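Text of entry_20.txt, listed as compact mmCIF, C-alpha atoms (C1' of nucleotides):
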# COMPACT_ATOMS: atom_id res chain seq x y z
CA MET A 133 -11.20 -21.93 74.42
CA THR A 134 -13.38 -24.94 74.14
CA VAL A 135 -15.86 -26.66 76.35
CA ASP A 136 -15.33 -29.85 78.28
CA PRO A 137 -18.59 -31.82 78.60
CA ARG A 138 -17.03 -34.22 81.06
CA SER A 139 -15.94 -31.51 83.45
CA HIS A 140 -17.63 -31.35 86.83
CA THR A 141 -18.50 -27.73 86.11
CA PRO A 142 -21.60 -27.51 83.95
CA VAL A 143 -21.19 -26.60 80.31
CA TYR A 144 -23.35 -23.50 80.65
CA VAL A 145 -21.18 -22.24 83.50
CA GLN A 146 -18.08 -22.74 81.40
CA VAL A 147 -19.65 -20.78 78.57
CA ALA A 148 -20.88 -18.05 80.90
CA ASP A 149 -17.39 -17.73 82.37
CA PHE A 150 -15.86 -17.55 78.94
CA LEU A 151 -18.28 -14.91 77.67
CA ARG A 152 -17.86 -12.93 80.88
CA THR A 153 -14.13 -12.89 80.36
CA ARG A 154 -14.58 -11.65 76.81
CA ILE A 155 -16.84 -8.89 78.10
CA GLU A 156 -14.64 -7.83 80.97
CA SER A 157 -11.58 -7.78 78.75
CA GLY A 158 -13.36 -5.42 76.39
CA GLU A 159 -13.21 -7.85 73.49
CA LEU A 160 -16.97 -7.65 73.56
CA ALA A 161 -17.50 -3.94 74.02
CA PRO A 162 -20.55 -2.24 75.55
CA GLY A 163 -23.35 -1.94 73.01
CA GLU A 164 -21.92 -4.76 70.95
CA SER A 165 -23.99 -7.83 70.17
CA LEU A 166 -23.10 -11.27 71.39
CA PRO A 167 -23.07 -14.03 68.80
CA SER A 168 -26.56 -15.43 68.26
CA GLU A 169 -27.66 -18.53 70.13
CA ALA A 170 -27.37 -20.57 66.96
CA ARG A 171 -23.88 -19.26 66.40
CA LEU A 172 -22.79 -20.11 69.92
CA THR A 173 -24.16 -23.64 69.72
CA GLN A 174 -21.98 -24.15 66.64
CA GLU A 175 -18.90 -22.45 68.02
CA TYR A 176 -18.86 -24.49 71.20
CA GLY A 177 -20.48 -27.61 69.84
CA ILE A 178 -23.16 -27.62 72.53
CA GLY A 179 -26.94 -27.54 72.72
CA ARG A 180 -29.08 -24.46 72.65
CA GLU A 181 -30.27 -24.94 76.19
CA ALA A 182 -26.76 -24.63 77.57
CA VAL A 183 -26.24 -21.48 75.54
CA ARG A 184 -29.47 -19.94 76.77
CA MET A 185 -28.65 -20.74 80.39
CA ALA A 186 -25.24 -19.16 80.01
CA ILE A 187 -26.75 -15.97 78.62
CA SER A 188 -29.43 -16.03 81.30
CA THR A 189 -26.65 -16.10 83.89
CA LEU A 190 -25.01 -13.05 82.39
CA ARG A 191 -28.36 -11.26 82.30
CA SER A 192 -28.88 -11.87 86.00
CA GLU A 193 -25.44 -10.37 86.59
CA GLY A 194 -26.45 -7.23 84.76
CA LEU A 195 -23.79 -7.73 82.11
CA VAL A 196 -26.01 -8.16 79.06
CA SER A 197 -29.53 -7.37 77.92
CA THR A 198 -31.62 -9.52 75.57
CA VAL A 199 -34.33 -8.40 73.16
CA ARG A 200 -36.49 -10.98 71.50
CA GLY A 201 -36.07 -11.13 67.76
CA HIS A 202 -32.99 -9.00 67.93
CA GLY A 203 -30.30 -10.48 70.11
CA THR A 204 -28.23 -9.96 73.22
CA ARG A 205 -26.06 -6.93 73.75
CA VAL A 206 -23.40 -6.04 76.23
CA ARG A 207 -24.87 -3.51 78.61
CA SER A 208 -23.02 -0.27 78.66
CA THR A 209 -22.12 0.68 82.16
CA PRO A 210 -23.84 4.00 82.49
CA GLU A 211 -21.90 7.04 83.41
CA ARG A 212 -21.55 6.78 87.15
CA HIS A 213 -22.40 10.00 88.86
CA GLN A 214 -21.54 10.53 92.45
CA MET A 215 -24.19 11.25 95.00
CA GLU A 216 -23.65 12.16 98.58
CA LEU A 217 -25.32 10.04 101.20
CA PRO A 218 -27.05 12.64 103.37
CA ALA A 219 -26.10 12.89 107.01
CA GLY A 220 -28.42 10.98 109.28
CA SER A 221 -29.62 8.70 106.51
CA SER A 222 -29.04 5.05 105.68
CA VAL A 223 -29.16 2.93 102.56
CA VAL A 224 -29.90 -0.67 101.63
CA ALA A 225 -29.12 -2.35 98.32
CA ARG A 226 -31.59 -4.93 97.05
CA MET A 227 -33.13 -6.22 93.87
CA PRO A 228 -36.19 -4.35 92.65
CA THR A 229 -39.66 -5.83 92.62
CA GLY A 230 -41.30 -6.35 89.26
CA ARG A 231 -43.20 -3.13 89.60
CA GLU A 232 -40.12 -1.18 90.53
CA ARG A 233 -38.24 -2.61 87.61
CA THR A 234 -41.00 -1.56 85.26
CA GLU A 235 -41.33 1.92 86.69
CA LEU A 236 -37.62 2.60 86.74
CA GLN A 237 -37.20 0.85 83.38
CA LEU A 238 -34.41 -1.29 84.70
CA ASP A 239 -32.79 -4.23 82.98
CA GLU A 240 -32.45 -7.56 84.73
CA GLY A 241 -29.59 -7.80 87.17
CA VAL A 242 -29.64 -4.18 88.25
CA PRO A 243 -29.95 -3.59 92.00
CA ILE A 244 -31.60 -0.56 93.52
CA LEU A 245 -30.67 1.69 96.39
CA GLU A 246 -33.27 2.29 99.03
CA ILE A 247 -32.31 5.45 100.86
CA ARG A 248 -33.93 6.21 104.19
CA HIS A 249 -33.65 9.88 104.97
CA ARG A 250 -33.43 11.44 108.38
CA THR A 251 -36.98 12.65 107.88
CA GLY A 252 -38.22 9.11 107.57
CA LYS A 253 -38.94 9.33 103.88
CA THR A 254 -37.49 6.56 101.74
CA GLU A 255 -36.27 7.09 98.23
CA VAL A 256 -35.61 4.40 95.62
CA LYS A 257 -33.00 4.85 92.93
CA PRO A 258 -31.38 2.61 90.34
CA GLY A 259 -28.12 1.39 91.80
CA ASP A 260 -26.45 0.99 88.47
CA PRO A 261 -25.34 4.55 87.75
CA ILE A 262 -24.88 5.75 91.29
CA GLU A 263 -21.80 5.90 93.40
CA LEU A 264 -22.73 6.84 96.91
CA THR A 265 -20.17 8.95 98.71
CA ARG A 266 -19.47 10.19 102.15
CA PRO A 267 -17.12 13.16 102.16
CA GLY A 268 -14.04 13.21 104.36
CA GLU A 269 -14.07 15.28 107.49
CA ASP A 270 -11.23 17.62 106.76
CA LYS A 271 -13.13 20.84 106.56
CA PRO A 272 -11.37 24.02 107.51
CA MET B 22 -55.21 -16.10 87.13
CA THR B 23 -54.20 -17.92 84.07
CA VAL B 24 -51.61 -17.39 81.41
CA ASP B 25 -52.19 -15.80 78.03
CA PRO B 26 -49.87 -17.33 75.42
CA ARG B 27 -50.86 -14.67 72.91
CA SER B 28 -49.83 -11.81 75.11
CA HIS B 29 -46.84 -9.78 74.05
CA THR B 30 -45.28 -10.41 77.43
CA PRO B 31 -43.51 -13.76 77.57
CA VAL B 32 -45.23 -16.56 79.42
CA TYR B 33 -42.38 -16.94 81.86
CA VAL B 34 -42.64 -13.26 82.75
CA GLN B 35 -46.36 -13.61 83.38
CA VAL B 36 -45.77 -16.58 85.66
CA ALA B 37 -42.93 -14.83 87.45
CA ASP B 38 -45.18 -11.79 87.97
CA PHE B 39 -47.95 -13.95 89.31
CA LEU B 40 -45.76 -15.89 91.71
CA ARG B 41 -44.12 -12.65 92.83
CA THR B 42 -47.50 -11.22 93.66
CA ARG B 43 -48.34 -14.29 95.70
CA ILE B 44 -45.08 -13.91 97.58
CA GLU B 45 -45.38 -10.19 98.20
CA SER B 46 -48.94 -10.56 99.39
CA GLY B 47 -47.80 -13.10 101.95
CA GLU B 48 -49.92 -15.87 100.45
CA LEU B 49 -46.62 -17.64 99.96
CA ALA B 50 -44.87 -16.95 103.24
CA PRO B 51 -41.12 -16.97 103.87
CA GLY B 52 -39.86 -20.53 104.29
CA GLU B 53 -42.82 -21.92 102.43
CA SER B 54 -42.29 -24.08 99.37
CA LEU B 55 -43.49 -23.16 95.92
CA PRO B 56 -45.37 -25.81 93.96
CA SER B 57 -42.99 -28.15 92.15
CA GLU B 58 -42.07 -27.51 88.54
CA ALA B 59 -44.25 -30.36 87.37
CA ARG B 60 -47.12 -28.95 89.38
CA LEU B 61 -46.72 -25.49 87.92
CA THR B 62 -46.60 -26.77 84.35
CA GLN B 63 -49.93 -28.42 85.01
CA GLU B 64 -51.51 -25.53 86.88
CA TYR B 65 -50.71 -23.00 84.19
CA GLY B 66 -50.78 -25.34 81.25
CA ILE B 67 -47.32 -24.33 80.11
CA GLY B 68 -44.01 -26.01 79.41
CA ARG B 69 -41.09 -26.79 81.71
CA GLU B 70 -38.96 -24.16 80.13
CA ALA B 71 -41.31 -21.34 80.99
CA VAL B 72 -41.70 -22.59 84.56
CA ARG B 73 -37.98 -22.94 85.09
CA MET B 74 -37.31 -19.51 83.63
CA ALA B 75 -39.97 -17.97 85.84
CA ILE B 76 -38.43 -19.50 88.95
CA SER B 77 -34.98 -18.56 87.71
CA THR B 78 -36.18 -14.98 87.45
CA LEU B 79 -37.45 -14.99 91.03
CA ARG B 80 -34.15 -16.46 92.17
CA SER B 81 -32.28 -13.69 90.42
CA GLU B 82 -34.46 -11.23 92.32
CA GLY B 83 -33.53 -12.82 95.62
CA LEU B 84 -37.13 -13.77 96.36
CA VAL B 85 -36.73 -17.55 96.39
CA SER B 86 -34.01 -20.11 96.86
CA THR B 87 -33.92 -23.49 95.17
CA VAL B 88 -32.42 -26.63 96.62
CA ARG B 89 -31.85 -29.55 94.32
CA GLY B 90 -33.90 -32.57 95.18
CA HIS B 91 -36.03 -30.57 97.52
CA GLY B 92 -37.73 -27.66 95.85
CA THR B 93 -37.98 -23.90 95.85
CA ARG B 94 -38.69 -21.90 98.96
CA VAL B 95 -39.52 -18.31 99.65
CA ARG B 96 -36.49 -16.62 101.13
CA SER B 97 -36.87 -14.91 104.45
CA THR B 98 -35.61 -11.37 104.60
CA PRO B 99 -32.34 -11.51 106.47
CA GLU B 100 -31.69 -9.69 109.68
CA ARG B 101 -30.16 -6.37 108.71
CA HIS B 102 -27.33 -4.99 110.76
CA GLN B 103 -26.14 -1.45 110.45
CA MET B 104 -22.69 -0.50 109.30
CA GLU B 105 -21.26 2.96 109.08
CA LEU B 106 -19.98 4.14 105.74
CA PRO B 107 -16.51 5.48 106.58
CA ALA B 108 -15.76 9.14 105.94
CA GLY B 109 -14.03 9.75 102.65
CA SER B 110 -15.24 6.51 101.13
CA SER B 111 -17.76 5.65 98.45
CA VAL B 112 -19.87 2.66 97.58
CA VAL B 113 -21.39 1.07 94.50
CA ALA B 114 -24.01 -1.67 94.45
CA ARG B 115 -23.89 -4.31 91.75
CA MET B 116 -24.56 -7.99 91.16
CA PRO B 117 -21.71 -10.37 91.90
CA THR B 118 -20.08 -12.48 89.24
CA GLY B 119 -20.42 -16.23 89.55
CA ARG B 120 -17.00 -16.47 91.14
CA GLU B 121 -17.77 -13.80 93.70
CA ARG B 122 -21.03 -15.48 94.56
CA THR B 123 -19.25 -18.74 95.20
CA GLU B 124 -16.58 -17.13 97.34
CA LEU B 125 -19.01 -15.12 99.42
CA GLN B 126 -21.44 -18.05 99.54
CA LEU B 127 -24.30 -15.88 98.40
CA ASP B 128 -27.70 -16.93 97.18
CA GLU B 129 -28.70 -15.81 93.74
CA GLY B 130 -30.25 -12.38 93.55
CA VAL B 131 -28.17 -10.86 96.32
CA PRO B 132 -26.35 -7.69 95.33
CA ILE B 133 -22.96 -6.80 96.72
CA LEU B 134 -21.55 -3.56 98.05
CA GLU B 135 -18.24 -2.47 96.66
CA ILE B 136 -16.79 -0.03 99.15
CA ARG B 137 -13.88 2.15 98.11
CA HIS B 138 -12.02 3.42 101.14
CA ARG B 139 -10.15 6.67 101.43
CA THR B 140 -6.96 4.65 101.29
CA GLY B 141 -7.83 3.36 97.84
CA LYS B 142 -8.54 -0.16 98.98
CA THR B 143 -11.82 -1.65 97.84
CA GLU B 144 -13.84 -4.01 99.95
CA VAL B 145 -16.64 -6.29 98.79
CA LYS B 146 -19.49 -7.24 101.09
CA PRO B 147 -22.83 -8.97 100.67
CA GLY B 148 -25.48 -6.27 100.32
CA ASP B 149 -28.28 -8.39 101.64
CA PRO B 150 -27.82 -8.07 105.40
CA ILE B 151 -26.19 -4.66 105.49
CA GLU B 152 -27.73 -1.28 106.05
CA LEU B 153 -25.16 1.39 105.37
CA THR B 154 -25.47 4.44 107.58
CA ARG B 155 -24.10 7.94 107.79
CA PRO B 156 -24.50 9.43 111.22
CA GLY B 157 -26.02 12.86 111.67
CA GLU B 158 -23.81 15.84 112.35
CA ASP B 159 -25.05 16.88 115.74
CA LYS B 160 -21.79 16.82 117.56
CA PRO B 161 -20.84 19.57 119.97
C1' DC C 209 -47.39 -2.28 52.83
C1' DC C 210 -45.57 -7.10 52.44
C1' DC C 211 -41.86 -10.37 52.27
C1' DC C 212 -38.03 -12.46 54.28
C1' DA C 213 -34.03 -13.72 56.98
C1' DT C 214 -32.51 -13.59 61.56
C1' DT C 215 -33.13 -14.22 66.40
C1' DT C 216 -35.21 -15.24 70.58
C1' DG C 217 -39.41 -17.47 73.00
C1' DT C 218 -41.78 -21.65 73.91
C1' DC C 219 -43.01 -26.38 73.84
C1' DC C 220 -42.02 -31.30 73.65
C1' DG C 221 -39.46 -35.78 74.03
C1' DT C 222 -35.63 -37.91 75.97
C1' DA C 223 -31.76 -38.94 78.90
C1' DT C 224 -28.56 -38.88 82.86
C1' DG C 225 -27.02 -37.16 87.20
C1' DT C 226 -27.65 -35.86 91.95
C1' DA C 227 -29.80 -34.46 96.23
C1' DT C 228 -33.61 -35.11 99.62
C1' DC C 229 -36.76 -37.69 102.16
C1' DC D 65 -33.75 -48.94 99.34
C1' DG D 66 -37.21 -46.32 96.25
C1' DA D 67 -39.89 -42.15 95.15
C1' DT D 68 -39.63 -37.46 94.27
C1' DA D 69 -37.57 -33.20 92.59
C1' DC D 70 -34.41 -30.36 90.60
C1' DA D 71 -29.98 -29.77 87.35
C1' DT D 72 -27.94 -30.40 83.12
C1' DA D 73 -28.04 -31.37 78.32
C1' DC D 74 -29.22 -32.83 73.83
C1' DG D 75 -32.58 -32.98 69.77
C1' DG D 76 -36.48 -31.16 67.06
C1' DA D 77 -40.27 -28.05 66.08
C1' DC D 78 -43.07 -23.95 65.61
C1' DA D 79 -44.39 -19.12 67.21
C1' DA D 80 -43.39 -14.41 67.47
C1' DA D 81 -40.58 -10.20 67.32
C1' DT D 82 -37.17 -7.50 64.85
C1' DG D 83 -35.12 -5.20 61.09
C1' DG D 84 -33.96 -4.63 56.30
C1' DG D 85 -35.27 -4.59 51.50

Write the structure described by the file as structure tokens, please.
Amino acid sequence: MTVDPRSHTPVYVQVADFLRTRIESGELAPGESLPSEARLTQEYGIGREAVRMAISTLRSEGLVSTVRGHGTRVRSTPERHQMELPAGSSVVARMPTGRERTELQLDEGVPILEIRHRTGKTEVKPGDPIELTRPGEDKP
Amino acid sequence: MTVDPRSHTPVYVQVADFLRTRIESGELAPGESLPSEARLTQEYGIGREAVRMAISTLRSEGLVSTVRGHGTRVRSTPERHQMELPAGSSVVARMPTGRERTELQLDEGVPILEIRHRTGKTEVKPGDPIELTRPGEDKP
DNA sequence: CCCCATTTGTCCGTATGTATC
DNA sequence: CGATACATACGGACAAATGGG
């Protein structure tokens, strides 16, 4: 559980991997706060920069969300609702622009779905809570 | 076009926004190099940290790609090829973990498509070059 | 309202490593 | 080879936001 400064893998990657494991295992549950930066520097015996880079990595993966003056919390995976991809349409997943992120109020590390309808209209939706489906063809 | 340290929005966000605008407007074309970190600290009169975080943000958005010892370049939008979403399957877009990014050899800021097939098997593909389609239902 | 402790944001100095040209 | 540029990592310092009393 400790960090090896002489390893060829950077310290901040080691810490990011470790925290990710704690998140994915549920030890750090959604909504829960990560230890503060100061706490993490002590726990792992490393500098603050390495800690911040580790957390930054997790942010860009959409796993956590940081608020200045408050801390970093595990993002709760929103209820995924299913949505049918309309016939004759197509979809592309990409990261939002700054404007899109503001308008859709998205955290860092959340991709969007750009759906092109048969009509030619394109629709942009947060990719986080959406599971796109295509029904099977076993209709009566 | 300068930075306001007293603004409630962090400096690195302001710089990221500004650079993003320059990229989206085409002033910084695909393949073109951004100014070096040292250059940007001078231009905006800010610290390394803010510059590096700004560039890190753009990387996590898939807008630029950094090569050590060389610099940061604007990424060119990849050729998109179409792929049909199989009947009875579903798909979720999310950011890859560090491990997945290494295995798939993805740049930062590239989402992945997690496709769940009718059989139950799940398949992971880079979301960047893929346009998922569902054909229209105009069969005889 | 203010005060205060906590926490993240930002800057600076320094150092070493590594990749590119 | 050297010059340049980014990556990683530590230390210290102060600013600014948050939340509780």

- Message: Which residues are close to Val256 (chain A), i.e. within 9 Å by all atoms listed in the file, leaving aside same-chain residues fewer than 6 positions away? Reply as JSON, numbers by chain.
- Response: {"A": [232, 244, 245, 246, 247, 248]}

- Looking at B:Glu105, B:Glu124, B:Glu144, B:Glu70, which one is nearest to chain C, with distances taken over all atoms listed in the file?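 Among B:Glu105, B:Glu124, B:Glu144, B:Glu70, it is B:Glu70 that comes nearest to chain C.
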
- Which is closer to chain B than all the others in A:Pro261, A:Gly177, A:Gly252, A:Gly158, using all atoms listed in the file?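 Among A:Pro261, A:Gly177, A:Gly252, A:Gly158, it is A:Pro261 that comes nearest to chain B.
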
- Would you kindly return, as a ChimeraX atom specification, each protein, DNA or RNA residue with an atom no farther than 12 Å from any atom of Tyr33 (chain B), considering all atoms listed in the file and excluding same-chain residues fewer than 2 positions away? /B:24-26,28-31,35-41,61-62,65-79 /C:217-218

Resulting file, chosen residues, C-alpha atoms (C1' of nucleotides), as a compact mmCIF listing (two decimals), in the coordinates of the input:
# COMPACT_ATOMS: atom_id res chain seq x y z
CA VAL B 24 -51.61 -17.39 81.41
CA ASP B 25 -52.19 -15.80 78.03
CA PRO B 26 -49.87 -17.33 75.42
CA SER B 28 -49.83 -11.81 75.11
CA HIS B 29 -46.84 -9.78 74.05
CA THR B 30 -45.28 -10.41 77.43
CA PRO B 31 -43.51 -13.76 77.57
CA GLN B 35 -46.36 -13.61 83.38
CA VAL B 36 -45.77 -16.58 85.66
CA ALA B 37 -42.93 -14.83 87.45
CA ASP B 38 -45.18 -11.79 87.97
CA PHE B 39 -47.95 -13.95 89.31
CA LEU B 40 -45.76 -15.89 91.71
CA ARG B 41 -44.12 -12.65 92.83
CA LEU B 61 -46.72 -25.49 87.92
CA THR B 62 -46.60 -26.77 84.35
CA TYR B 65 -50.71 -23.00 84.19
CA GLY B 66 -50.78 -25.34 81.25
CA ILE B 67 -47.32 -24.33 80.11
CA GLY B 68 -44.01 -26.01 79.41
CA ARG B 69 -41.09 -26.79 81.71
CA GLU B 70 -38.96 -24.16 80.13
CA ALA B 71 -41.31 -21.34 80.99
CA VAL B 72 -41.70 -22.59 84.56
CA ARG B 73 -37.98 -22.94 85.09
CA MET B 74 -37.31 -19.51 83.63
CA ALA B 75 -39.97 -17.97 85.84
CA ILE B 76 -38.43 -19.50 88.95
CA SER B 77 -34.98 -18.56 87.71
CA THR B 78 -36.18 -14.98 87.45
CA LEU B 79 -37.45 -14.99 91.03
C1' DG C 217 -39.41 -17.47 73.00
C1' DT C 218 -41.78 -21.65 73.91

- Message: Quick check, in Å to one decimal: how far apart do CA of Gln214 (chain A) and CA of Val196 (chain A) lie?
- Response: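 Computing the Euclidean distance for CA of Gln214 (chain A) and CA of Val196 (chain A) yields 23.4 Å.
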
- Task: Pull out every residue of chain D sitting within 8 Å of chain A, counting all atoms listed in the file, and send them as a list in words.
- Result: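 Contact residues on the first chain: DT72, DA73, DC74, DA81 and DT82 of chain D.
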
- Item | Protein/DNA/RNA residues near (-39.4, -15.3, 60.4), cut 10 Å, all atoms listed in the file, as an NGL selection string | (:A and (201)) or (:C and (211-215)) or (:D and (79-82))

Using C-alpha atoms (C1' of nucleotides), can you export the residues from the last selection as a PDB file, keeping the file's coordinate frame?
ATOM      1  CA  GLY A 201     -36.070 -11.130  67.760  1.00  0.00           C
TER       2      GLY A 201
ATOM      3  C1'  DC C 211     -41.860 -10.370  52.270  1.00  0.00           C
ATOM      4  C1'  DC C 212     -38.030 -12.460  54.280  1.00  0.00           C
ATOM      5  C1'  DA C 213     -34.030 -13.720  56.980  1.00  0.00           C
ATOM      6  C1'  DT C 214     -32.510 -13.590  61.560  1.00  0.00           C
ATOM      7  C1'  DT C 215     -33.130 -14.220  66.400  1.00  0.00           C
TER       8       DT C 215
ATOM      9  C1'  DA D  79     -44.390 -19.120  67.210  1.00  0.00           C
ATOM     10  C1'  DA D  80     -43.390 -14.410  67.470  1.00  0.00           C
ATOM     11  C1'  DA D  81     -40.580 -10.200  67.320  1.00  0.00           C
ATOM     12  C1'  DT D  82     -37.170  -7.500  64.850  1.00  0.00           C
TER      13       DT D  82
END

- Query: Which value, in Å to one decimal, gives the distance between CA of Glu48 (chain B) and C1' of DC229 (chain C)?
  - Reply: 25.5 Å
